[in-house]
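Containing mmCIF, C-alpha atoms and all ligand atoms: model-v1.cif.
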```cif
data_input
loop_
_atom_site.label_atom_id
_atom_site.label_comp_id
_atom_site.auth_asym_id
_atom_site.auth_seq_id
_atom_site.Cartn_x
_atom_site.Cartn_y
_atom_site.Cartn_z
CA MET G 1 83.17 126.91 94.98
CA LYS G 2 85.82 127.83 97.52
CA ALA G 3 86.40 126.09 100.83
CA ILE G 4 89.00 125.85 103.55
CA ARG G 5 90.85 122.55 103.17
CA VAL G 6 93.17 120.83 105.62
CA HIS G 7 95.56 118.35 103.92
CA GLN G 8 97.64 117.62 107.03
CA PHE G 9 97.11 118.20 110.74
CA GLY G 10 99.13 121.06 112.18
CA GLY G 11 99.11 124.77 113.07
CA PRO G 12 96.73 127.42 111.66
CA GLU G 13 98.86 127.63 108.49
CA VAL G 14 97.43 124.26 107.30
CA LEU G 15 94.07 126.00 106.70
CA GLN G 16 94.08 126.64 102.93
CA TRP G 17 91.40 128.53 100.95
CA GLU G 18 91.02 126.44 97.77
CA ASP G 19 88.78 125.73 94.78
CA VAL G 20 86.81 122.52 95.25
CA PRO G 21 84.08 120.87 93.13
CA ASP G 22 80.54 122.24 93.65
CA PRO G 23 78.62 119.92 96.01
CA LYS G 24 75.31 118.38 94.90
CA PRO G 25 72.65 117.23 97.37
CA ASP G 26 71.74 113.54 97.48
CA VAL G 27 68.02 112.69 97.71
CA LYS G 28 67.77 113.38 101.45
CA GLU G 29 70.34 116.20 101.65
CA ILE G 30 70.19 119.98 101.72
CA LEU G 31 72.71 122.31 100.08
CA VAL G 32 73.20 125.52 102.06
CA ARG G 33 74.93 128.66 100.75
CA ILE G 34 76.95 129.53 103.84
CA HIS G 35 77.21 133.25 104.55
CA ALA G 36 78.79 132.88 108.00
CA ALA G 37 80.55 130.04 109.83
CA GLY G 38 81.15 129.86 113.58
CA VAL G 39 84.67 129.23 114.87
CA ASN G 40 84.79 126.99 117.94
CA PRO G 41 87.85 126.08 120.03
CA VAL G 42 87.25 122.40 119.16
CA ASP G 43 87.86 123.23 115.46
CA THR G 44 91.43 124.16 116.42
CA TYR G 45 91.96 120.99 118.48
CA ILE G 46 90.74 118.85 115.55
CA ARG G 47 92.91 120.79 113.06
CA SER G 48 96.00 120.22 115.21
CA GLY G 49 95.42 116.43 115.13
CA THR G 50 95.56 116.09 118.92
CA TYR G 51 91.82 115.58 119.50
CA ALA G 52 90.02 112.26 119.95
CA HIS G 53 87.87 112.91 116.85
CA LYS G 54 90.08 112.91 113.76
CA PRO G 55 88.51 113.43 110.32
CA THR G 56 89.91 111.70 107.26
CA LEU G 57 92.30 114.01 105.37
CA PRO G 58 91.81 116.19 103.45
CA TYR G 59 88.76 117.78 105.12
CA THR G 60 86.87 121.06 105.46
CA PRO G 61 86.52 122.16 109.11
CA GLY G 62 83.50 123.65 110.85
CA SER G 63 80.17 122.42 112.15
CA ASP G 64 78.33 125.72 112.66
CA GLY G 65 77.04 128.07 110.00
CA ALA G 66 74.14 130.07 108.63
CA GLY G 67 72.90 131.03 105.21
CA VAL G 68 70.24 130.32 102.62
CA ILE G 69 69.21 127.00 101.10
CA ASP G 70 70.45 126.66 97.51
CA ALA G 71 68.97 123.26 96.65
CA VAL G 72 67.30 120.25 98.25
CA GLY G 73 67.29 116.54 97.38
CA GLU G 74 64.11 115.10 95.87
CA HIS G 75 62.97 113.45 99.13
CA VAL G 76 63.30 116.63 101.20
CA THR G 77 59.86 118.15 101.75
CA ALA G 78 60.26 120.38 104.81
CA TRP G 79 62.71 122.85 103.19
CA LYS G 80 62.98 124.74 99.89
CA PRO G 81 65.54 126.91 98.12
CA GLY G 82 65.60 130.42 99.57
CA ASP G 83 64.85 129.42 103.20
CA ARG G 84 67.04 131.20 105.79
CA VAL G 85 68.65 128.62 108.06
CA TYR G 86 71.33 128.00 110.62
CA VAL G 87 73.16 124.68 110.57
CA ALA G 88 74.34 122.70 113.56
CA GLY G 89 76.56 120.04 112.04
CA SER G 90 77.22 119.42 108.36
CA LEU G 91 78.28 116.52 106.15
CA THR G 92 80.98 118.49 104.31
CA GLY G 93 82.16 121.22 106.76
CA THR G 94 80.95 124.80 107.15
CA TYR G 95 84.19 126.69 106.44
CA ALA G 96 83.08 126.84 102.80
CA GLU G 97 80.87 128.81 100.43
CA GLN G 98 78.40 125.90 100.39
CA GLY G 99 77.80 122.91 102.64
CA LEU G 100 75.73 119.73 102.48
CA CYS G 101 73.56 118.90 105.49
CA ARG G 102 71.11 116.27 106.65
CA GLU G 103 67.60 117.52 107.39
CA ASP G 104 68.13 117.24 111.16
CA GLN G 105 71.19 119.53 110.95
CA VAL G 106 69.21 122.47 109.50
CA HIS G 107 67.07 124.87 111.56
CA ARG G 108 65.01 127.94 110.68
CA LEU G 109 66.77 131.27 111.23
CA PRO G 110 64.31 134.03 112.15
CA GLU G 111 64.53 137.29 110.14
CA ALA G 112 65.56 139.16 113.30
CA ALA G 113 68.77 137.12 113.61
CA SER G 114 71.76 137.88 111.34
CA PHE G 115 73.70 135.12 109.56
CA ALA G 116 76.64 135.79 111.93
CA GLN G 117 74.28 135.23 114.88
CA GLY G 118 72.94 132.05 113.28
CA ALA G 119 76.51 130.77 112.94
CA SER G 120 76.97 131.23 116.71
CA LEU G 121 74.23 128.84 117.78
CA GLY G 122 75.17 125.25 116.91
CA VAL G 123 77.97 124.35 119.32
CA PRO G 124 77.90 127.17 121.91
CA TYR G 125 74.16 127.42 122.60
CA ALA G 126 73.55 123.69 122.30
CA THR G 127 76.43 123.02 124.71
CA ALA G 128 75.19 125.52 127.28
CA CYS G 129 71.61 124.27 126.96
CA ARG G 130 72.59 120.60 127.29
CA ALA G 131 74.96 121.25 130.20
CA MET G 132 72.35 123.21 132.14
CA PHE G 133 69.08 121.46 131.40
CA TYR G 134 69.93 117.89 130.37
CA ILE G 135 73.10 117.14 132.36
CA THR G 136 72.70 119.09 135.60
CA ARG G 137 68.96 119.86 135.58
CA ALA G 138 69.16 123.57 136.42
CA LEU G 139 66.05 124.88 138.15
CA PRO G 140 64.53 128.36 138.46
CA ALA G 141 65.78 130.26 141.53
CA GLU G 142 69.03 128.31 141.65
CA ILE G 143 72.31 130.21 141.67
CA MET G 144 74.59 129.42 138.73
CA LEU G 145 78.23 130.39 138.30
CA VAL G 146 79.20 130.64 134.63
CA HIS G 147 82.94 130.27 135.09
CA GLY G 148 84.09 131.91 131.85
CA ALA G 149 81.01 133.89 130.76
CA SER G 150 82.50 136.17 128.09
CA GLY G 151 83.00 133.64 125.25
CA GLY G 152 80.69 131.63 123.02
CA VAL G 153 79.38 129.07 125.51
CA GLY G 154 79.42 131.46 128.48
CA THR G 155 77.40 134.13 126.71
CA ALA G 156 74.82 131.52 125.78
CA ALA G 157 74.69 130.16 129.34
CA VAL G 158 74.11 133.58 130.87
CA GLN G 159 71.23 134.31 128.48
CA LEU G 160 69.68 130.85 128.92
CA GLY G 161 70.05 131.06 132.68
CA ARG G 162 68.36 134.44 132.98
CA ALA G 163 65.52 133.36 130.68
CA ALA G 164 64.94 130.31 132.92
CA GLY G 165 64.82 132.32 136.16
CA LEU G 166 68.20 131.45 137.64
CA THR G 167 70.42 133.89 139.46
CA VAL G 168 73.53 134.14 137.30
CA ILE G 169 77.06 135.02 138.36
CA GLY G 170 79.44 135.32 135.40
CA THR G 171 83.19 135.77 135.20
CA ALA G 172 85.59 137.34 132.70
CA SER G 173 89.15 138.58 132.87
CA THR G 174 88.84 141.90 131.01
CA ASP G 175 86.74 145.04 131.62
CA ARG G 176 85.22 144.66 128.16
CA GLY G 177 84.35 141.01 128.81
CA ARG G 178 82.80 141.81 132.20
CA GLN G 179 80.74 144.62 130.64
CA LEU G 180 79.43 142.08 128.11
CA VAL G 181 78.54 139.59 130.85
CA LYS G 182 76.60 142.34 132.67
CA GLU G 183 74.81 143.43 129.46
CA ASN G 184 73.83 139.80 128.85
CA GLY G 185 71.92 139.85 132.11
CA ALA G 186 74.19 138.34 134.78
CA GLN G 187 73.17 139.77 138.16
CA PHE G 188 76.76 139.59 139.41
CA VAL G 189 80.04 139.75 137.52
CA LEU G 190 83.45 138.70 138.84
CA ASP G 191 87.03 138.75 137.51
CA HIS G 192 88.53 135.22 137.39
CA SER G 193 92.03 136.68 137.09
CA ARG G 194 91.87 138.19 140.61
CA PRO G 195 93.10 136.11 143.54
CA ASP G 196 90.14 136.88 145.85
CA TYR G 197 87.17 136.58 143.48
CA LEU G 198 85.77 133.36 144.95
CA LYS G 199 85.73 134.98 148.40
CA GLU G 200 83.68 137.74 146.83
CA LEU G 201 81.35 135.05 145.41
CA MET G 202 80.80 133.56 148.87
CA SER G 203 79.94 136.96 150.27
CA LEU G 204 77.58 137.75 147.34
CA THR G 205 75.70 134.53 148.08
CA GLU G 206 75.74 135.21 151.85
CA GLY G 207 77.77 132.05 152.45
CA HIS G 208 75.32 129.76 150.57
CA GLY G 209 77.65 129.18 147.61
CA VAL G 210 76.38 128.27 144.15
CA ASP G 211 74.05 125.45 143.14
CA LEU G 212 75.50 124.99 139.70
CA ILE G 213 78.82 125.75 137.99
CA LEU G 214 79.35 125.70 134.23
CA GLU G 215 83.12 125.31 134.08
CA MET G 216 85.03 126.47 130.98
CA LEU G 217 88.56 125.76 132.27
CA ALA G 218 88.36 122.85 134.70
CA ASN G 219 92.10 122.14 134.77
CA LYS G 220 92.49 125.56 136.42
CA ASN G 221 89.35 125.81 138.53
CA LEU G 222 87.84 122.44 139.48
CA ALA G 223 89.48 122.17 142.90
CA ALA G 224 88.35 125.68 143.88
CA ASP G 225 84.89 125.12 142.36
CA LEU G 226 84.21 122.34 144.86
CA THR G 227 84.84 124.77 147.73
CA VAL G 228 82.18 127.26 146.59
CA LEU G 229 79.40 124.77 145.82
CA ALA G 230 76.26 124.79 147.94
CA ARG G 231 74.90 121.53 149.40
CA LYS G 232 73.86 119.20 146.52
CA GLY G 233 75.72 121.52 144.14
CA ARG G 234 76.78 120.34 140.68
CA VAL G 235 79.74 121.25 138.50
CA VAL G 236 79.59 120.49 134.82
CA VAL G 237 82.96 120.36 133.10
CA VAL G 238 82.41 121.98 129.71
CA GLY G 239 86.03 122.90 128.97
CA SER G 240 89.37 121.58 130.20
CA ARG G 241 92.85 121.87 128.74
CA GLY G 242 94.88 119.72 131.13
CA SER G 243 94.74 117.87 134.43
CA ILE G 244 94.25 119.03 138.02
CA GLU G 245 94.36 117.62 141.55
CA ILE G 246 91.16 117.92 143.58
CA ASN G 247 90.23 117.11 147.17
CA PRO G 248 87.30 114.65 146.91
CA ARG G 249 86.26 115.56 150.47
CA ASP G 250 85.22 119.00 149.22
CA ALA G 251 82.55 117.20 147.19
CA MET G 252 81.71 114.52 149.82
CA GLY G 253 80.82 116.95 152.54
CA LYS G 254 78.18 118.60 150.36
CA ASP G 255 76.70 115.63 148.47
CA ALA G 256 78.08 117.47 145.47
CA SER G 257 78.59 116.02 142.01
CA ILE G 258 80.95 116.60 139.12
CA HIS G 259 79.59 115.94 135.64
CA GLY G 260 81.59 115.68 132.45
CA MET G 261 79.90 116.53 129.20
CA THR G 262 80.68 116.61 125.51
CA LEU G 263 78.29 117.67 122.82
CA PHE G 264 79.55 114.75 120.70
CA ASN G 265 77.38 112.52 122.97
CA VAL G 266 74.14 114.44 122.39
CA THR G 267 71.17 112.28 121.37
CA GLY G 268 68.66 113.03 118.63
CA GLU G 269 65.94 113.51 121.21
CA GLU G 270 68.06 115.97 123.18
CA LEU G 271 68.87 117.89 119.99
CA ARG G 272 65.17 118.24 119.16
CA GLY G 273 64.55 119.71 122.62
CA ILE G 274 67.60 121.96 122.50
CA HIS G 275 66.75 123.46 119.10
CA ALA G 276 63.11 123.93 120.12
CA ALA G 277 64.36 125.94 123.12
CA LEU G 278 66.72 127.95 120.91
CA ALA G 279 63.90 128.68 118.43
CA ALA G 280 61.73 130.02 121.27
CA GLY G 281 64.57 132.13 122.68
CA LEU G 282 65.40 133.62 119.27
CA GLU G 283 61.73 134.44 118.70
CA ASN G 284 61.14 136.08 122.08
CA GLY G 285 64.49 137.91 122.08
CA SER G 286 65.93 136.27 125.21
CA LEU G 287 68.72 134.69 123.12
CA ARG G 288 70.89 137.20 121.27
CA PRO G 289 74.25 135.80 120.11
CA VAL G 290 77.01 138.38 120.46
CA ILE G 291 79.53 138.70 117.63
CA GLY G 292 82.96 139.88 118.72
CA GLN G 293 84.86 139.51 115.45
CA GLN G 294 83.96 138.86 111.81
CA ILE G 295 86.87 137.61 109.69
CA PRO G 296 86.89 136.78 105.95
CA MET G 297 86.86 133.00 105.45
CA ALA G 298 90.03 133.20 103.34
CA GLU G 299 91.77 134.40 106.56
CA THR G 300 90.61 131.49 108.74
CA ALA G 301 94.15 130.96 110.07
CA ARG G 302 93.85 134.34 111.85
CA ALA G 303 90.52 133.29 113.40
CA HIS G 304 92.05 130.04 114.70
CA GLN G 305 94.74 132.06 116.48
CA ALA G 306 92.25 134.59 117.87
CA VAL G 307 89.85 132.00 119.32
CA LEU G 308 92.54 130.68 121.67
CA GLU G 309 93.68 134.10 122.90
CA PRO G 310 92.57 135.46 126.29
CA GLY G 311 90.08 138.31 126.46
CA ALA G 312 87.11 136.55 124.85
CA TYR G 313 84.19 138.69 123.64
CA GLY G 314 81.27 136.63 122.29
CA LYS G 315 81.84 134.73 119.05
CA ILE G 316 84.32 134.84 116.22
CA VAL G 317 82.67 134.16 112.87
CA LEU G 318 83.99 133.69 109.34
CA LEU G 319 82.28 135.44 106.43
CA SER G 320 82.38 133.74 103.01
P1 LIG X 401 85.73 130.98 124.07
O1 LIG X 401 84.69 131.71 123.31
O2 LIG X 401 87.14 131.07 123.64
O3 LIG X 401 85.63 131.46 125.61
C1 LIG X 401 86.52 131.00 126.58
C2 LIG X 401 86.01 131.44 127.94
O4 LIG X 401 86.83 130.88 128.97
C3 LIG X 401 86.06 132.96 128.10
O5 LIG X 401 84.92 133.41 128.77
C4 LIG X 401 87.32 133.14 128.95
O6 LIG X 401 87.30 134.35 129.70
C5 LIG X 401 87.16 131.95 129.86
N1 LIG X 401 88.35 131.70 130.67
C6 LIG X 401 89.65 131.93 130.37
N2 LIG X 401 90.42 131.69 131.46
C7 LIG X 401 89.58 131.31 132.46
C8 LIG X 401 89.74 130.96 133.83
N3 LIG X 401 90.96 130.92 134.40
N4 LIG X 401 88.66 130.66 134.55
C9 LIG X 401 87.41 130.68 134.01
N5 LIG X 401 87.19 131.01 132.73
C10 LIG X 401 88.26 131.32 131.96
O7 LIG X 401 85.39 129.43 124.14
P2 LIG X 401 83.92 128.72 124.21
O8 LIG X 401 83.46 128.43 122.85
O9 LIG X 401 83.06 129.52 125.13
O10 LIG X 401 84.32 127.34 124.90
C11 LIG X 401 84.77 127.32 126.25
C12 LIG X 401 85.47 126.00 126.53
O11 LIG X 401 84.54 124.95 126.46
C13 LIG X 401 86.59 125.65 125.54
O12 LIG X 401 87.63 124.98 126.22
C14 LIG X 401 85.91 124.71 124.58
O13 LIG X 401 86.82 123.83 123.95
C15 LIG X 401 84.96 124.00 125.50
N6 LIG X 401 83.75 123.47 124.85
C16 LIG X 401 83.38 122.21 125.17
C17 LIG X 401 82.21 121.69 124.65
C18 LIG X 401 81.77 120.33 125.08
O14 LIG X 401 81.01 119.66 124.36
N7 LIG X 401 82.17 119.89 126.25
C19 LIG X 401 81.47 122.42 123.71
C20 LIG X 401 81.87 123.72 123.43
C21 LIG X 401 83.02 124.24 124.01
P3 LIG X 401 88.38 135.54 129.44
O15 LIG X 401 88.83 135.43 128.01
O16 LIG X 401 87.58 136.77 129.74
O17 LIG X 401 89.49 135.30 130.39
#
```

Would you encode the structure as structure tokens?
Ligand code: NAP
Amino acid sequence: MKAIRVHQFGGPEVLQWEDVPDPKPDVKEILVRIHAAGVNPVDTYIRSGTYAHKPTLPYTPGSDGAGVIDAVGEHVTAWKPGDRVYVAGSLTGTYAEQGLCREDQVHRLPEAASFAQGASLGVPYATACRAMFYITRALPAEIMLVHGASGGVGTAAVQLGRAAGLTVIGTASTDRGRQLVKENGAQFVLDHSRPDYLKELMSLTEGHGVDLILEMLANKNLAADLTVLARKGRVVVVGSRGSIEINPRDAMGKDASIHGMTLFNVTGEELRGIHAALAAGLENGSLRPVIGQQIPMAETARAHQAVLEPGAYGKIVLLS
């Protein structure tokens, strides 16, 4: 089979489309024919060698994907060849024509969802779900700012928030991105590239501020976030690409809290809850991953450039 291989850390050019031996499932493993793989910003950090988690070289990138089961190990009873699945994590990497998974990394993909949509679930939807419901305990009727609502995690957060009865304010920097945030159900949409947009937020909320912020670029926004939180408000730092100075008094005066979160810390119990919630949302139509770009897997280098460019629009997926 073919797979993307990384032999040395570096720029997108280190992503090589190569022939590799066909994988075979061990007794408890599942072999998935991957039709689509999700591209996440973290895949680019890992590829560059600057991230805390460094795989042993050479490796095949990617944790998200969707396809059809090709074969199962002899101790696997819950799955059979032909089942449509999405994968959230894999033993061998998802930027490949086939990938080996553990049973707990494989989830049923309803007929109504495309493979590209299935490949958009693992990291983005699980991150949004964990940040909102496990880390900051979002409640119905609360007001949530999705600070960066046009990309993979933001799109998921807007849909999850609306389904759970929150009032959702989403931001994006382009007209196209803001249109997407609106179509996803956000009641209010703001432009984070404008100087006065947080003033607009305070007037939209009649001075109350927001109860919850899902922050996609904390190194830019965390200081300002603390000024628009309501009393007992919470910020969860989902994304950050640098450092920032904050005024702790902006949090003190409101009994506010700042939470960090990385999906690498998710527990098995949390994952069971998260994927049960995603299954329900896919079935009832409240969760509808949006695909912005589909790129052939052989051209993964292009996808790794695109995922870091401004003007996000849903997910970028690779097709094998
Ligand atoms: P993505 O699809 O590339 O989306 C990036 C989002 O950030 C877009 O909505 C973009 O909006 C927005 N953004 C850009 N500049 C911004 C600003 N100044 N203020 C607010 N938002 C801004 O990426 P993603 O997959 O959604 O991931 C978002 C971030 O979370 C990334 O940094 C990623 O590494 C991180 N992440 C962390 C975890 C975790 O476990 N903690 C998991 C997944 C992702 P425009 O393009 O419209 O400007």

Rank G:Gly207, G:Tyr125, G:Gly11, G:Gly151 by their smallest atom-to-atom distance to G:Val307, using all atoms listed in the file, and report the top residue only. G:Gly151

Enumerate, in order of chain and increasing residue number, the residues of chain G with an atom no farther than 6 Å from ligand LIG 401 (chain X), each with its shortest atom pair and distance in Å to one decimal, counting only C-alpha atoms and all ligand atoms, as a Markdown table.
```
| residue | atom | partner | partner_atom | distance |
| --- | --- | --- | --- | --- |
| G:Asn40 | CA | X:LIG401 | O8 | 5.3 |
| G:Pro41 | CA | X:LIG401 | O13 | 4.6 |
| G:Val42 | CA | X:LIG401 | O13 | 5.0 |
| G:Val123 | CA | X:LIG401 | C20 | 5.7 |
| G:Pro124 | CA | X:LIG401 | C20 | 5.5 |
| G:Thr127 | CA | X:LIG401 | C19 | 5.2 |
| G:His147 | CA | X:LIG401 | C9 | 4.6 |
| G:Gly148 | CA | X:LIG401 | N5 | 3.3 |
| G:Ala149 | CA | X:LIG401 | O5 | 4.4 |
| G:Ser150 | CA | X:LIG401 | O5 | 3.7 |
| G:Gly151 | CA | X:LIG401 | O1 | 3.2 |
| G:Gly152 | CA | X:LIG401 | O9 | 3.8 |
| G:Val153 | CA | X:LIG401 | O9 | 3.7 |
| G:Gly154 | CA | X:LIG401 | O9 | 5.3 |
| G:Ala172 | CA | X:LIG401 | O16 | 3.6 |
| G:Ser173 | CA | X:LIG401 | O16 | 3.9 |
| G:Thr174 | CA | X:LIG401 | O16 | 5.4 |
| G:Gly177 | CA | X:LIG401 | O16 | 5.4 |
| G:His192 | CA | X:LIG401 | N4 | 5.4 |
| G:Met216 | CA | X:LIG401 | C12 | 4.5 |
| G:Leu217 | CA | X:LIG401 | C9 | 5.3 |
| G:Lys220 | CA | X:LIG401 | N3 | 5.9 |
| G:Val238 | CA | X:LIG401 | N7 | 4.0 |
| G:Gly239 | CA | X:LIG401 | O11 | 3.6 |
| G:Ser240 | CA | X:LIG401 | O12 | 5.5 |
| G:Met261 | CA | X:LIG401 | N7 | 5.0 |
| G:Thr262 | CA | X:LIG401 | O14 | 3.3 |
| G:Leu263 | CA | X:LIG401 | O14 | 3.7 |
| G:Val307 | CA | X:LIG401 | O2 | 5.2 |
| G:Leu308 | CA | X:LIG401 | O2 | 5.8 |
| G:Pro310 | CA | X:LIG401 | O15 | 4.1 |
| G:Gly311 | CA | X:LIG401 | O15 | 3.5 |
| G:Ala312 | CA | X:LIG401 | O15 | 3.8 |
| G:Lys315 | CA | X:LIG401 | O1 | 5.9 |
```

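Proximity ranking of G:Pro110, G:Gly165, G:Gly253, G:Gly314 relative to G:Gly285 places G:Pro110 first, based on only C-alpha atoms.
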
Near-G:Ala88 list (8 Å; all atoms listed in the file; drop same-chain fewer than 6 positions) as number ranges by chain: G: 63-65, 105-107, 121-123

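Using only C-alpha atoms, the protein and nucleic acid residues lying at most 9 Å from the point (66.0, 129.5, 133.7) are Phe133, Ala138, Leu139, Pro140, Ala141, Glu142, Gln159, Leu160, Gly161, Arg162, Ala163, Ala164, Gly165, Leu166 and Thr167 of chain G.
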
Which distance in Å separates atom CA of G:Pro23 and atom CA of G:Ala52, to one decimal? 27.6 Å

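Here atom CA of G:His75 stands at a distance of 22.1 Å from atom CA of G:Gly93.
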
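Proximity to G:Arg241 was assessed for G:Tyr197, G:Tyr45, G:Tyr313, G:Phe188 counting all atoms listed in the file; the smallest distance is recorded for G:Tyr45.
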
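For the point (89.1, 133.6, 106.1), the residues with at least one atom inside 9 Å, counting only C-alpha atoms, are Ile4, Trp17, Tyr95, Ile295, Pro296, Met297, Ala298, Glu299, Thr300, Ala301, Arg302, Ala303, Leu318, Leu319 and Ser320 of chain G.
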
Restricting it to C-alpha atoms, dump the selection as a PDB file, in the frame of the given file.
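Output contents, as saved in result-v8.pdb:
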```pdb
ATOM      1  CA  ILE G   4      89.000 125.850 103.550  1.00  0.00           C
ATOM      2  CA  TRP G  17      91.400 128.530 100.950  1.00  0.00           C
ATOM      3  CA  TYR G  95      84.190 126.690 106.440  1.00  0.00           C
ATOM      4  CA  ILE G 295      86.870 137.610 109.690  1.00  0.00           C
ATOM      5  CA  PRO G 296      86.890 136.780 105.950  1.00  0.00           C
ATOM      6  CA  MET G 297      86.860 133.000 105.450  1.00  0.00           C
ATOM      7  CA  ALA G 298      90.030 133.200 103.340  1.00  0.00           C
ATOM      8  CA  GLU G 299      91.770 134.400 106.560  1.00  0.00           C
ATOM      9  CA  THR G 300      90.610 131.490 108.740  1.00  0.00           C
ATOM     10  CA  ALA G 301      94.150 130.960 110.070  1.00  0.00           C
ATOM     11  CA  ARG G 302      93.850 134.340 111.850  1.00  0.00           C
ATOM     12  CA  ALA G 303      90.520 133.290 113.400  1.00  0.00           C
ATOM     13  CA  LEU G 318      83.990 133.690 109.340  1.00  0.00           C
ATOM     14  CA  LEU G 319      82.280 135.440 106.430  1.00  0.00           C
ATOM     15  CA  SER G 320      82.380 133.740 103.010  1.00  0.00           C
TER      16      SER G 320
END
```

Give me the residues within 6 Å of G:Leu100 as a PDB file with C-alpha atoms, keeping the file's coordinate frame, counting all atoms listed in the file and dropping any in the same chain fewer than 6 places off.
```pdb
ATOM      1  CA  ILE G  30      70.190 119.980 101.720  1.00  0.00           C
ATOM      2  CA  LEU G  31      72.710 122.310 100.080  1.00  0.00           C
ATOM      3  CA  LEU G  91      78.280 116.520 106.150  1.00  0.00           C
ATOM      4  CA  THR G  92      80.980 118.490 104.310  1.00  0.00           C
TER       5      THR G  92
END
```

Pairwise distance for atom CA of G:Phe115 and atom CA of G:Ala128, rounded to one decimal in Å: 20.2 Å

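The shell of residues at most 6 Å from G:Glu97, with only C-alpha atoms counted and near chain neighbours (fewer than 2 positions) removed, consists of Lys2, Arg33, Ile34 and Ser320 of chain G.
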
With C-alpha atoms retained, export the selected residues as an mmCIF file, in the frame of the given file.
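Saved result, selection.cif, follows:
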```cif
data_model
loop_
_atom_site.group_PDB
_atom_site.id
_atom_site.type_symbol
_atom_site.label_atom_id
_atom_site.label_comp_id
_atom_site.auth_asym_id
_atom_site.auth_seq_id
_atom_site.Cartn_x
_atom_site.Cartn_y
_atom_site.Cartn_z
ATOM 1 C CA LYS G 2 85.820 127.830 97.520
ATOM 2 C CA ARG G 33 74.930 128.660 100.750
ATOM 3 C CA ILE G 34 76.950 129.530 103.840
ATOM 4 C CA SER G 320 82.380 133.740 103.010
#
```

Could you list, as a list of chain:residue names, every residue within 10 Å of G:Asp211, counting only C-alpha atoms and ignoring same-chain residues fewer than 4 positions away? G:Thr136, G:Ala138, G:Leu139, G:Ala141, G:Glu142, G:Ile143, G:Met144, G:Leu145, G:Thr167, G:Val228, G:Leu229, G:Ala230, G:Arg231, G:Lys232, G:Gly233, G:Arg234, G:Val235, G:Ala256
